[in-house]
file input_3.cif (mmCIF, C-alpha atoms; chains and numbers go by the auth columns)
data_work
#
loop_
_atom_site.group_PDB
_atom_site.id
_atom_site.type_symbol
_atom_site.label_atom_id
_atom_site.label_comp_id
_atom_site.label_asym_id
_atom_site.label_seq_id
_atom_site.Cartn_x
_atom_site.Cartn_y
_atom_site.Cartn_z
_atom_site.B_iso_or_equiv
_atom_site.auth_seq_id
_atom_site.auth_asym_id
ATOM 1 C CA MET A 1 20.641 -16.956 -66.993 0.00 151 A
ATOM 2 C CA THR A 2 20.848 -18.628 -63.645 0.00 152 A
ATOM 3 C CA GLU A 3 23.596 -18.902 -61.155 0.00 153 A
ATOM 4 C CA SER A 4 24.733 -22.434 -60.325 0.00 154 A
ATOM 5 C CA ARG A 5 23.974 -23.474 -56.745 0.00 155 A
ATOM 6 C CA PHE A 6 26.374 -26.469 -57.004 0.00 156 A
ATOM 7 C CA PRO A 7 29.993 -25.418 -57.474 0.00 157 A
ATOM 8 C CA THR A 8 30.970 -28.982 -58.380 0.00 158 A
ATOM 9 C CA GLY A 9 28.295 -29.351 -60.984 0.00 159 A
ATOM 10 C CA GLY A 10 26.747 -32.167 -58.957 0.00 160 A
ATOM 11 C CA LEU A 11 29.490 -34.635 -59.932 0.00 161 A
ATOM 12 C CA GLY A 12 31.422 -34.594 -56.693 0.00 162 A
ATOM 13 C CA ARG A 13 34.503 -33.024 -58.278 0.00 163 A
ATOM 14 C CA ALA A 14 35.374 -29.404 -58.514 0.00 164 A
ATOM 15 C CA SER A 15 35.225 -28.046 -62.022 0.00 165 A
ATOM 16 C CA ASN A 16 37.149 -25.145 -63.425 0.00 166 A
ATOM 17 C CA ALA A 17 34.133 -22.935 -62.864 0.00 167 A
ATOM 18 C CA THR A 18 34.250 -20.732 -59.798 0.00 168 A
ATOM 19 C CA ARG A 19 31.388 -20.100 -57.386 0.00 169 A
ATOM 20 C CA GLY A 20 28.765 -17.817 -58.677 0.00 170 A
ATOM 21 C CA SER A 21 29.681 -18.108 -62.340 0.00 171 A
ATOM 22 C CA VAL A 22 27.084 -18.309 -65.020 0.00 172 A
ATOM 23 C CA THR A 23 27.226 -21.669 -66.807 0.00 173 A
ATOM 24 C CA MET A 24 24.767 -21.151 -69.669 0.00 174 A
ATOM 25 C CA GLY A 25 25.121 -24.786 -70.767 0.00 175 A
ATOM 26 C CA ALA A 26 28.894 -24.683 -71.280 0.00 176 A
ATOM 27 C CA LYS A 27 30.676 -27.878 -70.358 0.00 177 A
ATOM 28 C CA ALA A 28 33.684 -27.958 -68.086 0.00 178 A
ATOM 29 C CA PRO A 29 36.875 -29.304 -69.676 0.00 179 A
ATOM 30 C CA VAL A 30 37.225 -33.069 -69.230 0.00 180 A
ATOM 31 C CA ARG A 31 40.372 -34.246 -67.478 0.00 181 A
ATOM 32 C CA SER A 32 42.065 -37.221 -69.052 0.00 182 A
ATOM 33 C CA ALA A 33 44.667 -39.701 -67.917 0.00 183 A
ATOM 34 C CA ARG A 34 47.272 -37.851 -69.967 0.00 184 A
ATOM 35 C CA ARG A 35 48.928 -34.573 -69.224 0.00 185 A
ATOM 36 C CA VAL A 36 49.899 -31.988 -71.837 0.00 186 A
ATOM 37 C CA ALA A 37 53.383 -30.613 -71.336 0.00 187 A
ATOM 38 C CA ASN A 38 55.368 -28.545 -73.809 0.00 188 A
ATOM 39 C CA GLY A 39 52.922 -29.339 -76.576 0.00 189 A
ATOM 40 C CA THR A 40 53.312 -33.127 -76.337 0.00 190 A
ATOM 41 C CA ILE A 41 51.126 -35.663 -74.592 0.00 191 A
ATOM 42 C CA GLN A 42 52.944 -37.623 -71.855 0.00 192 A
ATOM 43 C CA PRO A 43 51.624 -40.392 -69.591 0.00 193 A
ATOM 44 C CA MET A 44 51.069 -39.384 -66.025 0.00 194 A
ATOM 45 C CA LYS A 45 53.919 -39.976 -63.637 0.00 195 A
ATOM 46 C CA VAL A 46 51.720 -42.219 -61.536 0.00 196 A
ATOM 47 C CA THR A 47 51.668 -44.801 -64.325 0.00 197 A
ATOM 48 C CA GLY A 48 55.475 -44.802 -64.419 0.00 198 A
ATOM 49 C CA PHE A 49 55.677 -45.231 -60.666 0.00 199 A
ATOM 50 C CA ALA A 50 53.211 -48.118 -60.815 0.00 200 A
ATOM 51 C CA VAL A 51 55.273 -49.904 -63.438 0.00 201 A
ATOM 52 C CA VAL A 52 58.448 -49.462 -61.396 0.00 202 A
ATOM 53 C CA ALA A 53 56.698 -50.684 -58.237 0.00 203 A
ATOM 54 C CA ILE A 54 55.388 -53.806 -59.982 0.00 204 A
ATOM 55 C CA ALA A 55 58.788 -54.560 -61.497 0.00 205 A
ATOM 56 C CA ALA A 56 60.447 -54.160 -58.100 0.00 206 A
ATOM 57 C CA ALA A 57 57.897 -56.442 -56.463 0.00 207 A
ATOM 58 C CA ILE A 58 58.485 -59.139 -59.057 0.00 208 A
ATOM 59 C CA GLY A 59 62.257 -58.756 -58.948 0.00 209 A
ATOM 60 C CA LEU A 60 62.487 -58.825 -55.166 0.00 210 A
ATOM 61 C CA SER A 61 59.975 -61.580 -54.569 0.00 211 A
ATOM 62 C CA ALA A 62 61.290 -64.736 -52.970 0.00 212 A
ATOM 63 C CA PRO A 63 62.041 -67.507 -55.438 0.00 213 A
ATOM 64 C CA ALA A 64 59.798 -70.514 -55.374 0.00 214 A
ATOM 65 C CA TYR A 65 60.999 -73.538 -53.443 0.00 215 A
ATOM 66 C CA ALA A 66 63.064 -75.689 -55.767 0.00 216 A
ATOM 67 C CA ASP A 67 62.745 -79.457 -55.835 0.00 217 A
ATOM 68 C CA PRO A 68 66.175 -81.100 -55.306 0.00 218 A
ATOM 69 C CA ASP A 69 65.233 -84.019 -57.587 0.00 219 A
ATOM 70 C CA THR A 70 64.451 -81.637 -60.441 0.00 220 A
ATOM 71 C CA ASP A 71 67.656 -79.693 -59.780 0.00 221 A
ATOM 72 C CA PHE A 72 69.596 -82.958 -59.865 0.00 222 A
ATOM 73 C CA ASP A 73 67.963 -84.075 -63.133 0.00 223 A
ATOM 74 C CA ASN A 74 68.701 -80.700 -64.707 0.00 224 A
ATOM 75 C CA GLN A 75 72.322 -80.802 -63.581 0.00 225 A
ATOM 76 C CA ILE A 76 73.071 -84.299 -64.898 0.00 226 A
ATOM 77 C CA ALA A 77 71.237 -83.551 -68.140 0.00 227 A
ATOM 78 C CA GLY A 78 73.969 -80.962 -68.705 0.00 228 A
ATOM 79 C CA TYR A 79 76.449 -83.855 -68.631 0.00 229 A
ATOM 80 C CA GLY A 80 74.437 -85.836 -71.184 0.00 230 A
ATOM 81 C CA ILE A 81 72.985 -88.258 -68.644 0.00 231 A
ATOM 82 C CA TYR A 82 69.284 -88.842 -69.200 0.00 232 A
ATOM 83 C CA GLY A 83 66.758 -91.207 -67.703 0.00 233 A
ATOM 84 C CA PRO A 84 63.424 -91.382 -65.937 0.00 234 A
ATOM 85 C CA HIS A 85 62.827 -88.481 -63.560 0.00 235 A
ATOM 86 C CA ASP A 86 62.391 -90.727 -60.541 0.00 236 A
ATOM 87 C CA TYR A 87 65.162 -93.220 -61.309 0.00 237 A
ATOM 88 C CA ASN A 88 68.217 -90.951 -61.387 0.00 238 A
ATOM 89 C CA PRO A 89 67.493 -89.174 -58.069 0.00 239 A
ATOM 90 C CA TYR A 90 66.709 -92.570 -56.512 0.00 240 A
ATOM 91 C CA LEU A 91 70.050 -93.925 -57.722 0.00 241 A
ATOM 92 C CA ALA A 92 71.823 -90.820 -56.406 0.00 242 A
ATOM 93 C CA LYS A 93 70.279 -91.310 -52.969 0.00 243 A
ATOM 94 C CA ILE A 94 71.359 -94.965 -52.986 0.00 244 A
ATOM 95 C CA VAL A 95 74.936 -93.887 -53.777 0.00 245 A
ATOM 96 C CA CYS A 96 74.855 -91.460 -50.843 0.00 246 A
ATOM 97 C CA ARG A 97 73.591 -94.157 -48.533 0.00 247 A
ATOM 98 C CA ARG A 98 76.244 -96.619 -49.724 0.00 248 A
ATOM 99 C CA LEU A 99 78.957 -94.033 -49.067 0.00 249 A
ATOM 100 C CA SER A 100 77.649 -93.082 -45.627 0.00 250 A
ATOM 101 C CA GLN A 101 77.252 -96.701 -44.498 0.00 251 A
ATOM 102 C CA GLY A 102 80.666 -97.755 -45.790 0.00 252 A
ATOM 103 C CA VAL A 103 79.388 -100.131 -48.491 0.00 253 A
ATOM 104 C CA ASP A 104 81.454 -98.105 -50.971 0.00 254 A
ATOM 105 C CA PRO A 105 84.703 -97.115 -49.259 0.00 255 A
ATOM 106 C CA ASP A 106 85.597 -94.453 -51.829 0.00 256 A
ATOM 107 C CA ALA A 107 84.485 -92.609 -54.953 0.00 257 A
ATOM 108 C CA ALA A 108 85.947 -95.265 -57.262 0.00 258 A
ATOM 109 C CA ALA A 109 83.697 -97.959 -55.770 0.00 259 A
ATOM 110 C CA SER A 110 80.662 -95.671 -56.087 0.00 260 A
ATOM 111 C CA ALA A 111 81.540 -94.850 -59.695 0.00 261 A
ATOM 112 C CA HIS A 112 81.788 -98.583 -60.435 0.00 262 A
ATOM 113 C CA PHE A 113 78.337 -99.100 -58.891 0.00 263 A
ATOM 114 C CA LEU A 114 76.981 -96.258 -61.004 0.00 264 A
ATOM 115 C CA THR A 115 78.526 -97.590 -64.209 0.00 265 A
ATOM 116 C CA ASN A 116 76.635 -100.839 -63.654 0.00 266 A
ATOM 117 C CA ASN A 117 73.316 -99.045 -62.972 0.00 267 A
ATOM 118 C CA LEU A 118 73.308 -96.112 -65.384 0.00 268 A
ATOM 119 C CA PRO A 119 72.183 -96.587 -69.012 0.00 269 A
ATOM 120 C CA ARG A 120 74.477 -98.520 -71.328 0.00 270 A
ATOM 121 C CA GLY A 121 77.019 -96.256 -73.001 0.00 271 A
ATOM 122 C CA THR A 122 77.523 -94.026 -69.952 0.00 272 A
ATOM 123 C CA THR A 123 81.208 -93.109 -69.786 0.00 273 A
ATOM 124 C CA GLN A 124 83.392 -93.219 -66.699 0.00 274 A
ATOM 125 C CA VAL A 125 83.579 -89.419 -66.765 0.00 275 A
ATOM 126 C CA GLN A 126 79.782 -89.236 -66.729 0.00 276 A
ATOM 127 C CA ALA A 127 79.646 -91.680 -63.813 0.00 277 A
ATOM 128 C CA TYR A 128 81.959 -89.412 -61.808 0.00 278 A
ATOM 129 C CA GLN A 129 79.935 -86.349 -62.853 0.00 279 A
ATOM 130 C CA PHE A 130 76.786 -88.123 -61.667 0.00 280 A
ATOM 131 C CA LEU A 131 78.541 -88.997 -58.404 0.00 281 A
ATOM 132 C CA GLY A 132 79.720 -85.421 -57.865 0.00 282 A
ATOM 133 C CA SER A 133 76.231 -84.058 -58.503 0.00 283 A
ATOM 134 C CA ALA A 134 74.662 -86.654 -56.202 0.00 284 A
ATOM 135 C CA ILE A 135 77.040 -85.767 -53.380 0.00 285 A
ATOM 136 C CA SER A 136 76.643 -82.006 -53.834 0.00 286 A
ATOM 137 C CA ILE A 137 72.832 -82.172 -53.764 0.00 287 A
ATOM 138 C CA TYR A 138 71.947 -85.122 -51.519 0.00 288 A
ATOM 139 C CA CYS A 139 74.902 -85.743 -49.205 0.00 289 A
ATOM 140 C CA PRO A 140 77.382 -82.860 -49.044 0.00 290 A
ATOM 141 C CA ASP A 141 78.849 -84.388 -45.872 0.00 291 A
ATOM 142 C CA GLN A 142 80.380 -87.082 -48.120 0.00 292 A
ATOM 143 C CA ALA A 143 82.304 -84.535 -50.238 0.00 293 A
ATOM 144 C CA PRO A 144 85.702 -85.503 -48.741 0.00 294 A
ATOM 145 C CA LYS A 145 85.350 -88.915 -50.444 0.00 295 A
ATOM 146 C CA LEU A 146 85.601 -87.118 -53.787 0.00 296 A
ATOM 147 C CA GLN A 147 89.072 -85.886 -52.860 0.00 297 A
ATOM 148 C CA ASN A 148 90.617 -89.318 -53.426 0.00 298 A
ATOM 149 C CA ILE A 149 89.490 -90.060 -56.965 0.00 299 A
ATOM 150 C CA PRO A 150 92.083 -92.324 -58.584 0.00 300 A
ATOM 151 C CA ALA A 151 93.547 -91.264 -61.930 0.00 301 A
ATOM 152 C CA HIS A 152 93.100 -93.933 -64.595 0.00 302 A
#
call {"tool": "encode", "arguments": {"input": "input_3.cif", "output": "structure tokens"}}
result
Amino acid sequence: MTESRFPTGGLGRASNATRGSVTMGAKAPVRSARRVANGTIQPMKVTGFAVVAIAAAIGLSAPAYADPDTDFDNQIAGYGIYGPHDYNPYLAKIVCRRLSQGVDPDAAASAHFLTNNLPRGTTQVQAYQFLGSAISIYCPDQAPKLQNIPAH
């Protein structure tokens, strides 16, 4: 029987053995990532904190920059207006320019322009929905022109 000269057993961590104890080949209990409490095995609290921290980081992260053309396409798709991804935003920007330069004096003239340039079968309601979406996304300064929509 020899007395251990290394209280940590040479592993760099303190074992349950105290200084000067006789080891006689007995192994120290192995610590695991689980803790025994009240007879049941429970994950360590650190794991729970890590999960909460990751969830908070994901939840509080800044949203990615959204593309206005994609937002516009998604919005008008909700109205049943479909078309090439590049065409509809392009048409919306033309409508904004026509309104700002006075080519179309009001929303009715813009809706007429849209009816002629949107796919066949587009209703007047859809043309005004397209116009409202175009103004809200691309030219909100033209919103007062939507106030005078004539009732047909």
call {"tool": "atom_distance", "arguments": {"input": "input_3.cif", "atom1": "atom CA of Ala216 of chain A", "atom2": "atom CA of Leu249 of chain A"}}
result
25.2 Å
call {"tool": "atom_distance", "arguments": {"input": "input_3.cif", "atom1": "atom CA of Pro234 of chain A", "atom2": "atom CA of Ala257 of chain A"}}
result
23.8 Å
call {"tool": "residues_around", "arguments": {"input": "input_3.cif", "residues": "Gln297 of chain A", "least_positions_apart": "5", "cutoff": "12 Å", "atoms": "only C-alpha atoms", "output": "PyMOL selection string"}}
result
chain A and resi 256-258+278+282+292
call {"tool": "resolve_selection", "arguments": {"input": "input_3.cif", "expression": "the PyMOL selection byres ((chain A and resi 219-226) around 12)", "output": "ChimeraX atom specification"}}
result
/A:215-218,227-243,268,272,275-288
call {"tool": "atom_distance", "arguments": {"input": "input_3.cif", "atom1": "atom CA of Arg247 of chain A", "atom2": "atom CA of Arg270 of chain A"}}
result
23.2 Å
